[in-house]
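Enquirer: I have a structure here, written as structure tokens, and I will follow up with some questions on it.
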Amino acid sequence: MVPWRATEDGYVTDDVVDWYARFATGKPGAIVVEATGIRDIPSGPLLRIGDDRFIPGLRRLVETVREASDGETRLLIQLIDFLRVRRRPTARTFFERFFQINDGHRERLAQATGDAAWLNADDGSIREYLAAVTADDALSGVLGPRELSDLRFGARERVNDTHLQHINDLPLVLPTLFADAALRAQTAGFDGVELHYAHAYTMASFLSRTNQRSDGYGGDLEGRLRLPLETYQAVRDAVGPEYTVGCRYLVDEVITGGSDVDDARRYGVAFAQTGMDFISLSKGGKFDDAHQPKVGHAVYPYTGQSGYECMPTVYSDERGPFSRNIELMSEVRQSIHDAGYQTPVVVAGGINDFEGAEEILQRGQGDVIGAARQSLADPDWFLKMRKGVGQEIRRCKFTNYCEALDTRHKQVTCQLWDRINIQEPRATQSRDGKRRLTAPDWTPST
């Protein structure tokens with residue numbers, strides 16, 4: 001999740017530095033910095049790496065993490081591209097500003113109402129009438145599926161929108177954008193990059209079975225893999241053979257018509273074959289099944305069932321949230337090994353205790369444990385395990401308090417510590433002054 005600590009222009013702030021320094025004091029093996037935008041475009045308080053002017057701040061972040069971890073923690077940065085998503089409009093705004101009327105709308109409106117006068121009605125009258133309609137079934141008889149989606153959820157670009165020139169040209173521009181961003185990460189001192197091929201974003205959409213582009217970059221599995229592989233190769237050419245480059249992608253999209261573990265297994269083999277240094281797996285987190293946002297808000301891709309599977313909570317079915325996705329991830333790892341590759345596979349999802357993590361490794365279900373929410377709950381849990389004081393670990397409750405803050409674009413914190421000693425001098429506070437922004441320091445008892 002994005003912690004929402006960058007400036008509106010995407011620069012590293014003191015709060016960003018403090019956030020990652022606090023994780024680094026726990027000396028994990030590696031930290032992957034949040035999804036960082038590769039384009040030089042406004043994107044709110046999301047870190048950006050789309051221009052050289054961002055390098056000094058990112059270099060400061062790297063140096064701080066190195067110092068805080070005594071050089072023990074490797075630091076990677078996640079590189080992401082995303083397409084435009086608009087906020088859900090009011091019905092009046094949609095029909096007045098975004099709705100393009102054609103003869104098909106007139107014919108369907110006349111048929112739905114039984115009034116042939118609509119066939120020759122002026123555009124203004126049609127817009128006024130439709131803006132006043134409140135019944136979904138009435139609108140669904142007039143609008144197309146995409147128009148209904150834009151009205152109910154807000155307009156969202158898709159990789160299939162090849163009638164838009166900038167979408168059509170994505171295969172031409174993305175490899176260079178990712179490569180340039182990776183080179184900046186290398187220049188800033190990061191130990192490696194993770195290419196974000198997961199969830200609801202551009203590269204994941206190219207991998208998805210829902211990608212039906214007819215230009216050689218969609219359709220069958222080979223076509224869907226083409227841009228991710230070309231992007232990796234561009235990155236590799238930019239940073240050289242020794243620099244760490246891996247990707248994060250989905251073991252299952254958990255949406256109707258989406259990719260599943262059979263696709264993921266084949267993707268994993270392809271990524272291993274092309275030379276990726278590691279593969280990190282996730283699950284779900286798609287726009288396709290997200291809940292309808294309120295008017296004035298943007299759709300959030302972690303609210304439907306696919307979102308639940310991405311960040312499973314204790315409000316669960318009988319399977320529960322703990323290590324929920326490991327079995328599918330293990331299948332991907334096995335396919336990679338069966339193909340003769342030893343590419344390390346990072347597994348994640350509901351892991352919050354040493355015994356469970358170690359069991360995954362001993363069974364050969366994964367090679368590296370990823371733990372975002374547990375690390376947020378207790379940035380020192382790696383260190384506490386090493387020192388044999390596991391009883392002092394704050395274990396994540398998986399209520400997704402943190403994710404709820406992310407949903408509202410508020411500075412992310414954890415309910416287990418964000419109200420503790422909030423007035424102490426070193427406790428930087430949230431904008432509303434009600435929460436501390438980093439976990440309290442831990443002093444070993446022995």
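Order determines the names: the first chain of the structure tokens is A, the second B, and so forth; residues in each chain are numbered 1 upward, and ligands are numbered 1 upward as they are shown.
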Return as a list in words the full set of residues in range 9-211 of chain A whose backbone-based DSSP assignment is strand (DSSP E or B).
Expert: Ala30, Ile31, Val32, Val33, Glu34, Ala35, Thr36, Gly37, Arg48, Arg74, Leu75, Leu76, Ile77, Gln78, Leu79, Ile80, Val85, Arg156, Gly192, Val193, Glu194, Leu195, His196 and Tyr197 of chain A
Enquirer: Taking only C-alpha atoms into account, produce a table as a Markdown table in which each residue of range 152-207 of chain A with an atom at most 12 Å from an atom of range 58-77 of chain A appears once, together with its shortest atom pair and the distance in Å to one decimal, ordered by chain and rising number.
Expert:
```
| residue | atom | partner | partner_atom | distance |
| --- | --- | --- | --- | --- |
| A:Ala181 | CA | A:Ile77 | CA | 10.1 |
| A:Ala182 | CA | A:Ile77 | CA | 8.8 |
| A:Leu183 | CA | A:Ile77 | CA | 11.6 |
| A:Arg184 | CA | A:Leu58 | CA | 9.1 |
| A:Ala185 | CA | A:Ile77 | CA | 7.3 |
| A:Gln186 | CA | A:Leu76 | CA | 9.6 |
| A:Thr187 | CA | A:Arg59 | CA | 8.1 |
| A:Ala188 | CA | A:Arg59 | CA | 4.4 |
| A:Gly189 | CA | A:Arg59 | CA | 6.1 |
| A:Phe190 | CA | A:Leu76 | CA | 5.5 |
| A:Asp191 | CA | A:Leu75 | CA | 5.4 |
| A:Gly192 | CA | A:Leu76 | CA | 4.7 |
| A:Val193 | CA | A:Ile77 | CA | 5.0 |
| A:Glu194 | CA | A:Ile77 | CA | 6.0 |
| A:Leu195 | CA | A:Ile77 | CA | 8.6 |
| A:His196 | CA | A:Ile77 | CA | 9.8 |
```
Enquirer: Leaving out Ser149 in chain A and any residue of its chain fewer than 3 positions from it, which residues lie within 12 Å of it when counting only C-alpha atoms, given as a list in words?
Expert: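 Returned residues: Val85, Arg86, Arg87, Arg88, Pro89, Phe94, Asp136, Leu139, Ser140, Leu143, Gly144, Pro145, Arg146, Arg152, Phe153, Gly154, Ala155, Arg156, Glu157, Phe287, Asp288, Asp289, Ala290, His291, Gln292, Pro293 and Val299 of chain A.
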Enquirer: What's around range 433-437 of chain A at 9 Å? Count only C-alpha atoms, leave out sequence neighbours fewer than 2 positions away in its own chain, and write the answer as an MDAnalysis selection string.
Expert: chainID A and resid 15 18:19 411:414 417:423 427:431 439:440
Enquirer: Leaving out Ser208 in chain A and any residue of its chain fewer than 4 positions from it, which residues lie within 12 Å of it when counting only C-alpha atoms, given as a VMD selection string?
Expert: chain A and resid 158 to 160 197 to 204 212 to 213 217 to 225 227 to 228 249 to 261 263 to 264 267 284 286 288
Enquirer: For the residues in that selection, give me N, CA and C atoms as a short mmCIF file (atom, residue, chain, number, x, y, z; two decimals), in the first residue's frame.
Expert:
```
data_model
loop_
_atom_site.label_atom_id
_atom_site.label_comp_id
_atom_site.auth_asym_id
_atom_site.auth_seq_id
_atom_site.Cartn_x
_atom_site.Cartn_y
_atom_site.Cartn_z
N ARG A 158 -8.41 1.71 -20.22
CA ARG A 158 -8.05 0.30 -20.26
C ARG A 158 -7.05 0.05 -21.40
N VAL A 159 -6.26 -0.98 -21.27
CA VAL A 159 -5.25 -1.25 -22.31
C VAL A 159 -5.90 -1.64 -23.63
N ASN A 160 -7.18 -2.03 -23.60
CA ASN A 160 -7.88 -2.37 -24.83
C ASN A 160 -8.35 -1.14 -25.61
N TYR A 197 4.09 -5.48 -12.04
CA TYR A 197 3.24 -6.12 -13.04
C TYR A 197 1.97 -6.68 -12.39
N ALA A 198 1.60 -6.16 -11.23
CA ALA A 198 0.51 -6.77 -10.46
C ALA A 198 -0.69 -5.82 -10.33
N HIS A 199 -1.78 -6.40 -9.83
CA HIS A 199 -2.99 -5.69 -9.42
C HIS A 199 -3.70 -4.97 -10.57
N ALA A 200 -4.08 -3.71 -10.37
CA ALA A 200 -5.00 -3.06 -11.30
C ALA A 200 -4.31 -2.15 -12.29
N TYR A 201 -3.00 -2.28 -12.44
CA TYR A 201 -2.25 -1.25 -13.14
C TYR A 201 -1.84 -1.70 -14.54
N THR A 202 -1.11 -0.86 -15.25
CA THR A 202 -0.95 -1.03 -16.69
C THR A 202 -0.35 -2.38 -17.07
N MET A 203 0.79 -2.71 -16.49
CA MET A 203 1.47 -3.94 -16.92
C MET A 203 0.68 -5.19 -16.55
N ALA A 204 0.00 -5.15 -15.40
CA ALA A 204 -0.86 -6.28 -15.03
C ALA A 204 -2.00 -6.44 -16.03
N GLN A 212 -7.42 -7.96 -24.81
CA GLN A 212 -7.77 -8.49 -26.13
C GLN A 212 -7.26 -7.60 -27.26
N ARG A 213 -6.15 -6.92 -27.02
CA ARG A 213 -5.54 -6.12 -28.09
C ARG A 213 -5.22 -7.02 -29.28
N TYR A 217 0.09 -7.50 -28.90
CA TYR A 217 0.36 -7.29 -27.48
C TYR A 217 -0.83 -7.68 -26.61
N GLY A 218 -1.60 -8.62 -27.08
CA GLY A 218 -2.75 -9.10 -26.31
C GLY A 218 -3.25 -10.40 -26.91
N GLY A 219 -4.42 -10.84 -26.43
CA GLY A 219 -5.01 -12.07 -26.97
C GLY A 219 -4.45 -13.31 -26.30
N ASP A 220 -3.62 -14.06 -27.00
CA ASP A 220 -3.10 -15.30 -26.44
C ASP A 220 -1.99 -15.00 -25.42
N LEU A 221 -1.53 -16.05 -24.76
CA LEU A 221 -0.56 -15.88 -23.69
C LEU A 221 0.74 -15.26 -24.19
N GLU A 222 1.17 -15.67 -25.37
CA GLU A 222 2.40 -15.10 -25.94
C GLU A 222 2.26 -13.60 -26.16
N GLY A 223 1.10 -13.19 -26.67
CA GLY A 223 0.87 -11.77 -26.90
C GLY A 223 0.81 -10.98 -25.61
N ARG A 224 0.19 -11.56 -24.58
CA ARG A 224 0.07 -10.86 -23.31
C ARG A 224 1.41 -10.73 -22.60
N LEU A 225 2.30 -11.66 -22.84
CA LEU A 225 3.63 -11.62 -22.24
C LEU A 225 4.59 -10.68 -22.97
N LEU A 227 4.82 -7.43 -24.02
CA LEU A 227 5.26 -6.14 -23.47
C LEU A 227 5.99 -6.30 -22.14
N PRO A 228 5.51 -7.11 -21.19
CA PRO A 228 6.28 -7.30 -19.96
C PRO A 228 7.70 -7.80 -20.21
N TYR A 249 3.91 -9.96 -9.79
CA TYR A 249 2.72 -10.17 -10.61
C TYR A 249 1.74 -11.06 -9.86
N LEU A 250 0.60 -11.34 -10.49
CA LEU A 250 -0.50 -12.01 -9.80
C LEU A 250 -0.52 -13.51 -10.06
N VAL A 251 -0.75 -14.25 -9.00
CA VAL A 251 -0.93 -15.69 -9.13
C VAL A 251 -2.36 -16.02 -9.56
N ASP A 252 -3.28 -15.07 -9.36
CA ASP A 252 -4.67 -15.24 -9.76
C ASP A 252 -5.31 -13.86 -9.69
N GLU A 253 -6.00 -13.45 -10.76
CA GLU A 253 -6.65 -12.14 -10.74
C GLU A 253 -7.94 -12.14 -9.93
N VAL A 254 -8.58 -13.28 -9.80
CA VAL A 254 -9.82 -13.42 -9.03
C VAL A 254 -10.93 -12.54 -9.62
N ILE A 255 -11.01 -12.50 -10.94
CA ILE A 255 -12.10 -11.79 -11.61
C ILE A 255 -12.63 -12.67 -12.74
N THR A 256 -13.86 -12.43 -13.11
CA THR A 256 -14.46 -13.17 -14.22
C THR A 256 -13.68 -12.93 -15.50
N GLY A 257 -13.25 -14.01 -16.13
CA GLY A 257 -12.51 -13.89 -17.37
C GLY A 257 -11.06 -13.49 -17.22
N GLY A 258 -10.57 -13.46 -15.99
CA GLY A 258 -9.20 -13.03 -15.75
C GLY A 258 -8.22 -14.19 -15.74
N SER A 259 -6.95 -13.86 -15.58
CA SER A 259 -5.90 -14.87 -15.53
C SER A 259 -5.94 -15.62 -14.21
N ASP A 260 -5.49 -16.88 -14.24
CA ASP A 260 -5.50 -17.69 -13.04
C ASP A 260 -4.12 -18.33 -12.85
N VAL A 261 -4.05 -19.31 -11.96
CA VAL A 261 -2.76 -19.88 -11.61
C VAL A 261 -2.11 -20.60 -12.79
N ASP A 263 -2.10 -19.57 -15.88
CA ASP A 263 -1.37 -18.50 -16.56
C ASP A 263 -0.15 -18.10 -15.76
N ALA A 264 -0.33 -17.96 -14.44
CA ALA A 264 0.76 -17.51 -13.58
C ALA A 264 1.95 -18.46 -13.63
N TYR A 267 3.68 -17.69 -16.84
CA TYR A 267 4.36 -16.40 -16.73
C TYR A 267 5.66 -16.56 -15.94
N GLY A 284 -5.04 -10.94 -6.87
CA GLY A 284 -6.20 -10.05 -6.89
C GLY A 284 -5.86 -8.58 -6.91
N LYS A 286 -8.10 -5.90 -8.12
CA LYS A 286 -8.46 -5.42 -9.46
C LYS A 286 -9.58 -4.38 -9.42
N ASP A 288 -11.89 -4.46 -11.71
CA ASP A 288 -13.03 -5.09 -12.37
C ASP A 288 -14.18 -5.42 -11.43
#
```
Enquirer: Quick one: distance from CA of Leu170 in chain A to CA of Gly246 in chain A in Å, one decimal?
Expert: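 Between these atoms lies a distance of 20.7 Å.
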Enquirer: Set the distance at 10 Å and use only C-alpha atoms: which residues neighbour Thr274 in chain A once local chain neighbours fewer than 6 positions away are removed? I'd like the list as a list in words.
Expert: Leu229, Glu230, Tyr232, Gln233 and Gly268 of chain A
Enquirer: Just N, CA and C atoms for this one: save the residues we selected as an mmCIF file, in the first residue's frame.
Expert:
```
data_model
loop_
_atom_site.group_PDB
_atom_site.id
_atom_site.type_symbol
_atom_site.label_atom_id
_atom_site.label_comp_id
_atom_site.auth_asym_id
_atom_site.auth_seq_id
_atom_site.Cartn_x
_atom_site.Cartn_y
_atom_site.Cartn_z
ATOM 1 N N LEU A 229 7.860 -8.698 -21.184
ATOM 2 C CA LEU A 229 9.201 -9.200 -21.482
ATOM 3 C C LEU A 229 10.050 -8.139 -22.175
ATOM 4 N N GLU A 230 9.461 -7.396 -23.087
ATOM 5 C CA GLU A 230 10.209 -6.333 -23.758
ATOM 6 C C GLU A 230 10.607 -5.243 -22.769
ATOM 7 N N TYR A 232 11.131 -5.681 -19.489
ATOM 8 C CA TYR A 232 12.253 -6.210 -18.702
ATOM 9 C C TYR A 232 13.567 -6.092 -19.471
ATOM 10 N N GLN A 233 13.549 -6.455 -20.750
ATOM 11 C CA GLN A 233 14.784 -6.420 -21.524
ATOM 12 C C GLN A 233 15.322 -5.001 -21.660
ATOM 13 N N GLY A 268 5.579 -17.296 -14.849
ATOM 14 C CA GLY A 268 6.753 -17.472 -13.997
ATOM 15 C C GLY A 268 7.913 -18.113 -14.735
#
```
Enquirer: Taking only C-alpha atoms into account, produce a table as a Markdown table in which each residue of range 217-318 of chain A with an atom at most 10 Å from an atom of range 366-381 of chain A appears once, together with its shortest atom pair and the distance in Å to one decimal, ordered by chain and rising number.
Expert:
```
| residue | atom | partner | partner_atom | distance |
| --- | --- | --- | --- | --- |
| A:Phe278 | CA | A:Val368 | CA | 9.5 |
| A:Ile279 | CA | A:Val368 | CA | 9.7 |
| A:Ser280 | CA | A:Gly370 | CA | 8.4 |
| A:Leu281 | CA | A:Gly370 | CA | 9.2 |
| A:Ser282 | CA | A:Gly370 | CA | 9.8 |
| A:Met311 | CA | A:Arg373 | CA | 8.9 |
```
Enquirer: Which value, in Å to one decimal, gives the distance between CA of Pro28 in chain A and CA of Phe382 in chain A?
Expert: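 That distance, rounded to one decimal, is 5.7 Å.
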Enquirer: Could you check the closest approach to Ser323 in chain A for each of A:Gly104, A:Ala117, A:Ile49, A:Asn352 and tell me which residue wins, using only C-alpha atoms?
Expert: A:Asn352
Enquirer: Kindly indicate which residue among A:Val235, A:Met1, A:Leu47, A:Leu151 lies nearest to Asp180 in chain A, using only C-alpha atoms for the distances.
Expert: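 Closest to Asp180 in chain A, using only C-alpha atoms: A:Val235.
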